[in-house]
Amino acid sequence: MLEITGWTAGYKDTRVVDGVDLTLPGGQMVAVLGRNGVGKTTLLKSVFGLCPTFSGSLRLDGTPLEVGRPEKMARAGLSFMPDDRGVFRTLTVEQNLRLARRRGYTPPVDPLDLFPLLTERADQAAGTLSGGQKQQVGIARAILAGERLIAIDEFSQGLQPSLAQAALEALRQLAATGVTVLLVEQSPDLPLRYCDRIVGMLRGRVVFDHPVDGLDPASGALTDLLVVS
Amino acid sequence: MTRGTRGRRAGLAAGATLALTLTACGGSVGGDTGGGNGGGAADPLSIGLMAPITGPVASEGEAMKMGFDLALKEINADGGVLGQDIEVDFLDDKADPAIAAQSANRLITENQVDYLFGTITGDTSLAVGKVATEAEVPFSTAEMGTAGICTPYVWAFGETDPMILTELVPHMLETKGTRVALVGSDYSFPRGFNGLARELIEGAGGEVVAEEYAPLGTADWQPVIGKLSSAAPDWTLSAVVGGDAVSFVRQADEFGLLATSDITGISLIQDYYPAMGGVTDGRELVTRYSDALPGEANEKFVAAFREAYDWDAPIPGVAANAYEGLKFIAAAVEAAGTTETAAVMDALSTTTTDGIFGETSFTENHRFQTDMQLVRVEAGGKYVPVENLGVVEDPTECR
Amino acid sequence: MEAVVSFALAVLTLFGFYALLALGMGLIFGQLGVVNVAFGDFVMAGAFVMYGLEAVPFVPRVLIALVLGGALAWAIEKLLLRPLYVQGFLATLLAMWGVGIVLRQTADAVFGSTPASVASPVTGSISVLGVQYPTYRLVATTVSLVVVVAILFVVYRTDFGMRLRATIDNREMASLLGIPPRPMIMATFVFGTVLAVLAGALQAPMLGLTPHLGVAFLAPAFFAVLVGRPGSLAGPLFGAFVVALLSNSLRGLFSETTATLLFYAALIVLIAIRPQGLDWKRPQWTTALLARRPA
């Protein structure tokens, strides 16, 4: 279980994330929804130490995590695919994946079964892949490195729908083994079908937090999150 | 060495120049002797000394200052000039003509010096020469070559190209052979030096089989040495200077050029000997100064210099020129009986000394004349005079 | 035939030397985004250590030079560069400029500016396909090339090399996969600097040493990095080869001064028509990665 408490982050004097408290239990699959610029990406990036955090604390199963140290998050088994996918362009696909593998951890779902392309293109420089193919590399790496938690920004970006669904099935299987899954999405369609819980953000705050069970897809609260007012 | 323009190197090392500007602030007051002013009737002789003790020609600047300081100490210990200690104000000219001109101005206007002495590179000498002439203050350099400017106020103590080459060229043509390669650092002094050498070589029936120049700061001499080797010279006249001289001569040795042909020239002077690793041993050159010159004055100078500066290496010619130069100026001022410029300049043109070089005097066109020596370099850095060539005239007009 | 062999040897010798420089400079630029204008001065420092410790036998002396150079680089990265990364490459460039000045002034203060030299551990020459070539040059070139090959092996064939390339490629992502950025930055700077020191130590017996010696090496190394594609580590090697070949060809055909002029003109043209060689992508320096939590 990852607990994010009193989280405020941003750039220079701009607070992009403003006082977020979020508890992500193990085995839960959570989607963060919200329009562009509400602070979803900044929340994830700052939690993983890629942009400045003004205040806030992180606890993994009750143990505090050092804020602002991405490599320590990684060592604790928390993985994150940023919205630019962060593929190592000059390395091969295989090397990209090898760097993500954790000693002593084999995910119950093999990302190579999920994305056969990654085996076919194993020796190709990752920089030469198309956007959707890079997305596969990024998600595969996140699965390999995410023993405790997998966070994926812009999950379905560039993925063909069949692959996106297959990936969500796989993430569900991982969640079933206790891994926390956190997805950032633009549209509620896939989260409503696959996730356990939906968190909505607006102007840097969490304004909506509801289990998918019993949630009316047409509810005003949900659509308000996504419609430009 | 040479007073030619090491300005080029300074240009290459633009960073260095900025460095100096940033770090070595202001002028130190190095040579101030402060001795008791005896309260005589006349003003004390006051000299403004400029030497680049930082920057690309710092070694020459330091050597010059050492020779000057030693003479200063001796003269003052001996009662000074006109009954008073010589006063010296020192500024680092950083081998930069702008700084040199500024320093000269400051020395003249603020310190009210009677005489300017120093500078190493040709461009700084020229800059100071102009300031001195305008302010009607006499100015002397001590580095090889001419002062680059010809006015009644400039009195250069260095040996000039014709003094070095006039006897050297026929000697080499006769003893080593007639096929000659010329090489030099690429700026005005080496080109002028080699230009005169070519005239002398061709005039004496020799043949210049190669002539190569490389910019200051050249580290890899292989292509140049390749070209020289393929011209198969009997000997090479090198006007490569500074650290490049060492690189060139050592690499020429490495590639076997020195096994098949001899070498002489500016690259062989004392300043560079310690770094040559003995490869110049047995070669000959013409210089004015060697610390092995006979005579009591030189023996005394050498002993004092080695003692004062804990110096084991061959003593550089520029140090000797500065030492003798200050002694000469002191003698002239003493003879004039005043520090007043016109009288001092009259005295400079008539004064003679018998110092470390032997008899010295200025010619009408302000050439400092004394005996030149054919010197052989021997193991351990002994520059052994093998023949006193006597006074070698420099007939060229002041230029 | 002889001309071809001597030309090839000359190119190879120069390439060995420039390859070390370009690789070191390229690594530092790729990893740190620092244009290391003090690079030539580290070459000078390496050469002067060889001069200053002449009593020590040659090989251990080279090793001492490397250790001293590495320690100096460690201190510079930790104390000087680290606080400056977030301010951009101009700040670090100026800082390295300052380092170069300090190195030159220190050499000037300690060793004076009279040219110095280092005795060669191997003398004489040997015949290579009919051309007499100085033995030490061959030894120095061989050592340089062996080091270059070893570096390529480490970079492209080991796990450490893969992690190194990953941080150069995308430091943030590498840190997200557990590769700590600071030790990698430190290691790269130290290693790159040590290569300059090694080049200086190996070249020392061929040179007249002065505190300003390094200035002559900065430009060729810089151009080698520019001609190759910075970031790709083999790029600077290609660049070093182009620079060595170009330099030797021009200097064989023209006078040194003309050749130097043409050399730089040709490199500028080459870089202009091959702009993909000029990848001035700066590594990402986020405050979060390098500074601790902002105040």
# chains A, B, ... in the order shown; residues from 1 in each chain; ligands from 1
call {"tool": "interface_residues", "arguments": {"of": "chain C", "to": "chain B", "cutoff": "9 Å", "atoms": "only C-alpha atoms", "output": "JSON, numbers by chain"}}
result
{"C": [6, 7, 10, 14, 97, 98, 100, 101, 102, 104, 105, 108, 112, 113, 114, 115, 116, 117, 118, 119, 123, 124, 125, 132, 133, 134, 135, 136, 137, 205, 206, 207, 208, 209, 210, 211, 212, 213, 214, 215, 216, 217, 248, 251, 252, 255, 256, 257, 260]}
call {"tool": "interface_residues", "arguments": {"of": "chain A", "to": "chain C", "cutoff": "8 Å", "atoms": "only C-alpha atoms", "output": "list in words"}}
result
Phe48, Gly49, Leu50, Cys51, Pro52, Thr53, Phe54, Val67, Gly68, Arg69, Pro70, Glu71, Lys72, Met73, Ala74, Arg75, Ser79, Phe80, Gly86, Val87, Phe88, Arg89, Thr90, Leu91, Gln95, Leu99, Ala100 and Ala145 of chain A
call {"tool": "residues_around", "arguments": {"residues": "Asp161 (chain B)", "least_positions_apart": "6", "cutoff": "10 Å", "atoms": "only C-alpha atoms", "output": "ChimeraX atom specification"}}
result
/B:144-146,189-190,192-197,394,396
call {"tool": "write_last_selection", "arguments": {"atoms": "N, CA and C atoms", "output": "PDB file, in the first residue's frame"}}
result
ATOM      1  N   MET B 144      66.733  39.225 -27.580  1.00  0.00           N
ATOM      2  CA  MET B 144      67.317  39.169 -28.917  1.00  0.00           C
ATOM      3  C   MET B 144      66.489  39.912 -29.957  1.00  0.00           C
ATOM      4  N   GLY B 145      67.148  40.361 -31.001  1.00  0.00           N
ATOM      5  CA  GLY B 145      66.420  41.020 -32.077  1.00  0.00           C
ATOM      6  C   GLY B 145      66.506  42.528 -31.921  1.00  0.00           C
ATOM      7  N   THR B 146      65.773  43.216 -32.777  1.00  0.00           N
ATOM      8  CA  THR B 146      65.736  44.663 -32.664  1.00  0.00           C
ATOM      9  C   THR B 146      64.532  45.039 -31.817  1.00  0.00           C
ATOM     10  N   PHE B 189      59.432  37.274 -36.150  1.00  0.00           N
ATOM     11  CA  PHE B 189      60.845  37.100 -35.856  1.00  0.00           C
ATOM     12  C   PHE B 189      61.484  35.919 -36.592  1.00  0.00           C
ATOM     13  N   PRO B 190      60.915  34.701 -36.488  1.00  0.00           N
ATOM     14  CA  PRO B 190      61.565  33.594 -37.209  1.00  0.00           C
ATOM     15  C   PRO B 190      61.588  33.797 -38.721  1.00  0.00           C
ATOM     16  N   GLY B 192      61.770  36.662 -40.317  1.00  0.00           N
ATOM     17  CA  GLY B 192      62.817  37.642 -40.600  1.00  0.00           C
ATOM     18  C   GLY B 192      64.202  37.015 -40.465  1.00  0.00           C
ATOM     19  N   PHE B 193      64.354  36.236 -39.416  1.00  0.00           N
ATOM     20  CA  PHE B 193      65.624  35.576 -39.126  1.00  0.00           C
ATOM     21  C   PHE B 193      66.001  34.634 -40.270  1.00  0.00           C
ATOM     22  N   ASN B 194      65.028  33.793 -40.661  1.00  0.00           N
ATOM     23  CA  ASN B 194      65.310  32.838 -41.740  1.00  0.00           C
ATOM     24  C   ASN B 194      65.440  33.529 -43.090  1.00  0.00           C
ATOM     25  N   GLY B 195      64.726  34.645 -43.265  1.00  0.00           N
ATOM     26  CA  GLY B 195      64.836  35.407 -44.512  1.00  0.00           C
ATOM     27  C   GLY B 195      66.259  35.906 -44.715  1.00  0.00           C
ATOM     28  N   LEU B 196      66.827  36.444 -43.642  1.00  0.00           N
ATOM     29  CA  LEU B 196      68.213  36.906 -43.725  1.00  0.00           C
ATOM     30  C   LEU B 196      69.144  35.718 -43.950  1.00  0.00           C
ATOM     31  N   ALA B 197      68.850  34.597 -43.258  1.00  0.00           N
ATOM     32  CA  ALA B 197      69.696  33.403 -43.422  1.00  0.00           C
ATOM     33  C   ALA B 197      69.699  32.955 -44.875  1.00  0.00           C
ATOM     34  N   ASP B 394      76.379  44.904 -37.358  1.00  0.00           N
ATOM     35  CA  ASP B 394      75.026  44.871 -37.915  1.00  0.00           C
ATOM     36  C   ASP B 394      74.864  46.132 -38.745  1.00  0.00           C
ATOM     37  N   THR B 396      72.661  46.926 -40.868  1.00  0.00           N
ATOM     38  CA  THR B 396      71.318  47.313 -41.305  1.00  0.00           C
ATOM     39  C   THR B 396      70.915  48.638 -40.671  1.00  0.00           C
TER      40      THR B 396
END
call {"tool": "residues_around", "arguments": {"residues": "Gly206 (chain B)", "least_positions_apart": "4", "cutoff": "9 Å", "atoms": "only C-alpha atoms", "output": "JSON, numbers by chain"}}
result
{"B": [173, 177, 178, 179, 180, 198, 200, 201, 202]}
call {"tool": "select_by_dssp", "arguments": {"residues": "region 246-313 of chain B", "states": "strand (DSSP E or B)", "output": "VMD selection string"}}
result
chain B and resid 262 to 265 284 to 287
call {"tool": "closest_atom_pairs", "arguments": {"of": "region 114-217 of chain B", "to": "region 341-352 of chain B", "cutoff": "10 Å", "atoms": "only C-alpha atoms", "output": "JSON lines"}}
result
{"residue": "B:Asp114", "atom": "CA", "partner": "B:Thr341", "partner_atom": "CA", "distance": 7.3}
{"residue": "B:Tyr115", "atom": "CA", "partner": "B:Thr341", "partner_atom": "CA", "distance": 8.5}
{"residue": "B:Glu136", "atom": "CA", "partner": "B:Thr341", "partner_atom": "CA", "distance": 7.7}
{"residue": "B:Val137", "atom": "CA", "partner": "B:Thr341", "partner_atom": "CA", "distance": 6.7}
{"residue": "B:Pro138", "atom": "CA", "partner": "B:Thr341", "partner_atom": "CA", "distance": 7.2}
{"residue": "B:Pro152", "atom": "CA", "partner": "B:Met345", "partner_atom": "CA", "distance": 8.3}
{"residue": "B:Tyr153", "atom": "CA", "partner": "B:Met345", "partner_atom": "CA", "distance": 7.6}
{"residue": "B:Val154", "atom": "CA", "partner": "B:Met345", "partner_atom": "CA", "distance": 9.7}
{"residue": "B:Trp155", "atom": "CA", "partner": "B:Leu348", "partner_atom": "CA", "distance": 8.4}
call {"tool": "residues_around", "arguments": {"residues": "region 36-38 of chain C", "least_positions_apart": "6", "cutoff": "12 Å", "atoms": "only C-alpha atoms", "output": "VMD selection string"}}
result
(chain B and resid 15 to 16) or (chain C and resid 21 to 22 24 to 30 44 to 45 73 76 to 77 81 89 to 104 189 192 to 193 196 to 197 212 to 222 225)
call {"tool": "write_last_selection", "arguments": {"atoms": "C-alpha atoms", "output": "compact mmCIF listing (two decimals), in the first residue's frame"}}
result
# COMPACT_ATOMS: atom_id res chain seq x y z
CA GLY B 15 42.06 31.93 -22.54
CA ALA B 16 45.42 32.42 -20.99
CA LEU C 21 40.70 13.08 -26.12
CA ALA C 22 37.54 12.89 -28.17
CA GLY C 24 36.81 11.65 -22.94
CA MET C 25 35.33 14.91 -24.07
CA GLY C 26 32.40 13.18 -25.80
CA LEU C 27 31.58 11.16 -22.70
CA ILE C 28 31.58 14.24 -20.52
CA PHE C 29 29.52 16.23 -22.98
CA GLY C 30 27.06 13.40 -23.52
CA MET C 44 48.90 19.44 -19.76
CA ALA C 45 48.43 18.41 -16.14
CA ALA C 73 38.15 15.45 -11.35
CA ILE C 76 35.83 19.43 -9.37
CA GLU C 77 32.62 17.54 -10.08
CA LEU C 81 30.06 21.49 -11.23
CA PHE C 89 25.76 24.74 -19.93
CA LEU C 90 27.08 28.30 -20.00
CA ALA C 91 27.60 28.23 -16.23
CA THR C 92 29.50 24.97 -16.37
CA LEU C 93 31.47 26.10 -19.42
CA LEU C 94 32.64 29.19 -17.57
CA ALA C 95 33.40 27.14 -14.49
CA MET C 96 35.58 24.81 -16.56
CA TRP C 97 37.22 27.82 -18.16
CA GLY C 98 38.15 28.90 -14.65
CA VAL C 99 39.47 25.43 -13.88
CA GLY C 100 41.68 25.63 -16.97
CA ILE C 101 43.08 28.96 -15.82
CA VAL C 102 43.81 27.60 -12.37
CA LEU C 103 45.53 24.54 -13.82
CA ARG C 104 47.73 26.68 -16.07
CA PHE C 189 33.42 13.02 -15.42
CA GLY C 192 36.59 11.31 -19.13
CA THR C 193 39.13 13.46 -17.34
CA ALA C 196 42.78 13.40 -20.99
CA VAL C 197 45.38 12.86 -18.30
CA HIS C 212 50.04 26.52 -22.15
CA LEU C 213 50.55 23.20 -23.85
CA GLY C 214 46.92 22.15 -23.59
CA VAL C 215 45.52 24.97 -25.66
CA ALA C 216 46.66 23.25 -28.86
CA PHE C 217 44.69 20.10 -28.06
CA LEU C 218 41.36 21.62 -27.15
CA ALA C 219 40.27 22.53 -30.66
CA PRO C 220 40.99 19.18 -32.37
CA ALA C 221 39.25 17.29 -29.57
CA PHE C 222 36.31 19.63 -29.69
CA VAL C 225 33.31 15.49 -30.87
call {"tool": "atom_distance", "arguments": {"atom1": "CA of Ile152 (chain A)", "atom2": "CA of Ser219 (chain A)"}}
result
25.5 Å
call {"tool": "residues_around", "arguments": {"residues": "Gln165 (chain A)", "least_positions_apart": "2", "cutoff": "12 Å", "atoms": "only C-alpha atoms", "output": "list of chain:residue names"}}
result
A:Leu114, A:Phe115, A:Phe155, A:Ser156, A:Leu159, A:Gln160, A:Pro161, A:Ser162, A:Leu163, A:Ala167, A:Leu168, A:Glu169, A:Ala170, A:Leu171, A:Arg172, A:Asp189, A:Leu190, A:Pro191, A:Arg193, A:Tyr194, A:Cys195
call {"tool": "atom_distance", "arguments": {"atom1": "CA of Ala156 (chain B)", "atom2": "CA of His366 (chain B)"}}
result
7.0 Å
call {"tool": "residues_around", "arguments": {"residues": "Val139 (chain C)", "least_positions_apart": "3", "cutoff": "10 Å", "atoms": "only C-alpha atoms", "output": "mmCIF file with C-alpha atoms, in the first residue's frame"}}
result
data_model
loop_
_atom_site.group_PDB
_atom_site.id
_atom_site.type_symbol
_atom_site.label_atom_id
_atom_site.label_comp_id
_atom_site.auth_asym_id
_atom_site.auth_seq_id
_atom_site.Cartn_x
_atom_site.Cartn_y
_atom_site.Cartn_z
ATOM 1 C CA THR C 13 49.574 7.988 -34.117
ATOM 2 C CA PRO C 121 61.036 5.083 -21.549
ATOM 3 C CA VAL C 122 61.778 3.469 -24.918
ATOM 4 C CA PRO C 134 60.186 5.853 -33.429
ATOM 5 C CA THR C 135 59.518 2.950 -31.105
ATOM 6 C CA TYR C 136 57.982 5.028 -28.357
ATOM 7 C CA THR C 142 49.326 0.942 -29.279
ATOM 8 C CA VAL C 143 48.511 1.727 -25.655
ATOM 9 C CA SER C 144 46.048 4.428 -26.731
ATOM 10 C CA LEU C 145 44.319 2.132 -29.187
ATOM 11 C CA LEU C 202 51.599 9.238 -22.961
#
call {"tool": "atom_distance", "arguments": {"atom1": "CA of Leu53 (chain C)", "atom2": "CA of Ala204 (chain C)"}}
result
12.4 Å
